[in-house]
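Structure first, then comments.
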Amino acid sequence: MNDSIGQEIRELLKLHNAVLLAHNYMRDEVQEIADITGDSLALSMEAAKTKADVIVFCGVHFMAESAAILSPDKKVLLPRPDAGCPMADMVTVEELEALKAKHPGVPVVTYVNSSAEIKAHSDICCTSANALRVVRSLAEDELIFVPDRNLGRWVARFVPEKRFVFWEGFCPTHERMTVAAVQQKKSEHPDALFICHPESAPEVSALADHVCSTSGMYDYCRASSARKFIVGTEAGILYKLRLENPGKEFILASPALICPNMKLTSLEDVLYSLQTMSPVVTVAEATRLKARQALDRMLAVPR
Ligand code: 13P
Ligand code: SF4
């Protein structure tokens with residue numbers, strides 16, 4: 001890390017009583033300086049309970065919005081306001097309302113990779129770490145799952161008693177990981193386990209020894225006696241996997257596993273954000289209150 005920029009960031013964080021949260025896909029140097037790194041679930045829980053006055057969110061827009069929904073009394077900064085998520089943009093309120101009208105009374109389970117507006121029109125949220133628990137917590141035997149078709153279909157395999165209406169959204173980064181690329185890595189490293197994120201295409205997940213969220217990957221690789229892993233998720237995950245497991249080898253399943261949005265935020269952006277206390281992410285109060293209900297229902301599902 002550039003020491004002087006790191007020091008300036010740390011000083012400004014202290015001055016503003018700010019906390020720096022970074023998603024597991026952020027650049028190495030951003031993860032290195034963060035107070036807390038984690039998956040979407042861990043970061044939402046942290047945003048809900050932190051005592052800081054300011055949250056600097058190194059992630060993408062929907063994550064900063066979730067922090068603003070859960071912590072309305074705090075200033076939420078997103079150093080790169082152009083860091084969006086194409087999957088979150090694959091569903092509009094009008095489209096979701098049209099689908100709901102076709103399935104009256106059917107609850108909507110919304111992956112947190114979605115806008116605040118979409119959350120506000122949903123019954124409950126989920127992340128990749130708790131999606132199965134969230135779906136199982138519902139009394140209804142039918143549900144609408146928005147927006148990730150791959151996470152939805154992966155969860156559906158474990159609850160055959162429930163009927164799913166899927167939205168056909170997807171993560172372009174995970175869908176760029178092909179069966180051919182994974183098979184190539186498997187043939188080069190026959191002694192490695194293959195782990196992947198449930199945002200991957202079903203035919204790729206079918207090849208995996210373990211499918212889980214980013215934090216689930218840390219737990220799995222730490223606990224496993226295997227020495228080698230082919231990793232099927234965004235490349236940023238490798239930073240902490242390698243740091244925490246010095247004796248183990250981690251191989252990216254495909255060179256296409258780079259999310260351009262997750263790679264936008266630099267240390268310079270974080271510094272500028274703290275110097276200018278901008279850009280601030282806010283959510284209109286009426287939307288925030290409704291979206292908060294969906295997030296609170298998710299956070300109330302026992303771990
Ligand atoms: P999580 O495993 O943290 O939910 O991350 C998935 C993702 O794609 C975030 O954009
Ligand atoms: Fe969105 Fe996929 Fe990038 Fe996550 S990795 S922000 S789901 S495009």
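For the structure tokens, the naming scheme is as follows: chains receive sequential letters (A, B, ...) according to their order of presentation, residues are indexed from 1 within each chain, and ligands are indexed from 1 in presentation order.
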
All residues 6 Å or closer to stretch 65-78 of chain A, only C-alpha atoms, same chain fewer than 5 positions away omitted, as number ranges by chain: A: 47-48, 53-57, 278-281, 288, 292

Those of stretch 130-168 of chain A in DSSP strand (DSSP E or B), formatted as a PyMOL selection string: chain A and resi 142-146+148+163-166

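Once stretch 25-31 of chain A and its same-chain neighbours fewer than 4 positions away are set aside, Met1, Thr37, Cys58, Gly59, Glu234, Ala235, Gly236, Ile237, Tyr239, Met262, Lys263, Thr265, Ser266 and Leu267 of chain A remain within 8 Å of it when counting only C-alpha atoms.
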
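Taking atom CA of A:Lys14 and atom CA of A:Lys51 as the two end points, the separation is 12.8 Å.
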
Shell of 10 Å around A:Thr287, only C-alpha atoms, local chain residues under 4 positions omitted, as a PDB file with C-alpha atoms, in the first residue's frame:
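File produced: part_15.pdb:
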```pdb
ATOM      1  CA  ILE A  69     -31.470   2.305   4.629  1.00  0.00           C
ATOM      2  CA  ALA A 116     -33.645   0.426  -2.782  1.00  0.00           C
ATOM      3  CA  GLU A 117     -36.803   0.910  -4.874  1.00  0.00           C
ATOM      4  CA  ILE A 118     -36.968  -2.795  -5.707  1.00  0.00           C
ATOM      5  CA  LYS A 119     -36.381  -3.716  -2.056  1.00  0.00           C
ATOM      6  CA  ALA A 120     -39.233  -1.360  -1.121  1.00  0.00           C
ATOM      7  CA  HIS A 121     -41.550  -3.380  -3.382  1.00  0.00           C
ATOM      8  CA  VAL A 283     -32.615   7.041  -0.034  1.00  0.00           C
ATOM      9  CA  ALA A 291     -37.037  -1.207   1.992  1.00  0.00           C
ATOM     10  CA  ARG A 292     -36.012  -1.323   5.645  1.00  0.00           C
TER      11      ARG A 292
END
```

Please, which residues have at least one atom within 8 Å of an atom of ligand 2, using only C-alpha atoms and all ligand atoms, listed as a PyMOL selection string? chain A and resi 25+59-60+84-88+113+170-174+199+233-234+258-262

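Between atom CA of A:Glu8 and atom CA of A:Ser273 lies a distance of 11.9 Å.
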
With only C-alpha atoms and all ligand atoms counted and 7 Å as the cut-off, give the residues of chain A in contact with ligand 1, each with its shortest interatomic distance in Å and the pair that gives it, as CSV.
```
residue,atom,partner,partner_atom_place_in_ligand_line,distance
A:His23,CA,ligand 1,3 (O),6.8
A:Asn24,CA,ligand 1,3 (O),6.7
A:Gly38,CA,ligand 1,3 (O),6.7
A:Asp39,CA,ligand 1,3 (O),3.2
A:Ser40,CA,ligand 1,3 (O),4.0
A:Leu41,CA,ligand 1,4 (O),6.6
A:Asn113,CA,ligand 1,10 (O),6.4
A:Thr127,CA,ligand 1,4 (O),5.3
A:Ser128,CA,ligand 1,4 (O),4.8
A:Ala129,CA,ligand 1,4 (O),6.5
A:His197,CA,ligand 1,2 (O),6.9
A:Ser213,CA,ligand 1,2 (O),3.8
A:Thr214,CA,ligand 1,2 (O),4.0
A:Ser215,CA,ligand 1,2 (O),6.5
```

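Of the listed residues (A:Ile36, A:Leu271, A:Leu243, A:Ile144), A:Ile144 comes nearest to A:Trp167; the distances count only C-alpha atoms.
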
Of the listed residues A:Ile230, A:Ser137, A:Pro160, A:Ala192, that which approaches A:Pro302 most closely, counting only C-alpha atoms: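 Ranking A:Ile230, A:Ser137, A:Pro160, A:Ala192 by distance to A:Pro302, first place goes to A:Ser137.
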
Which is closest to A:Asp3 among A:Asp191, A:Lys186, A:Asp209, A:Ile33, if we use only C-alpha atoms?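 Among A:Asp191, A:Lys186, A:Asp209, A:Ile33, it is A:Ile33 that comes nearest to A:Asp3.
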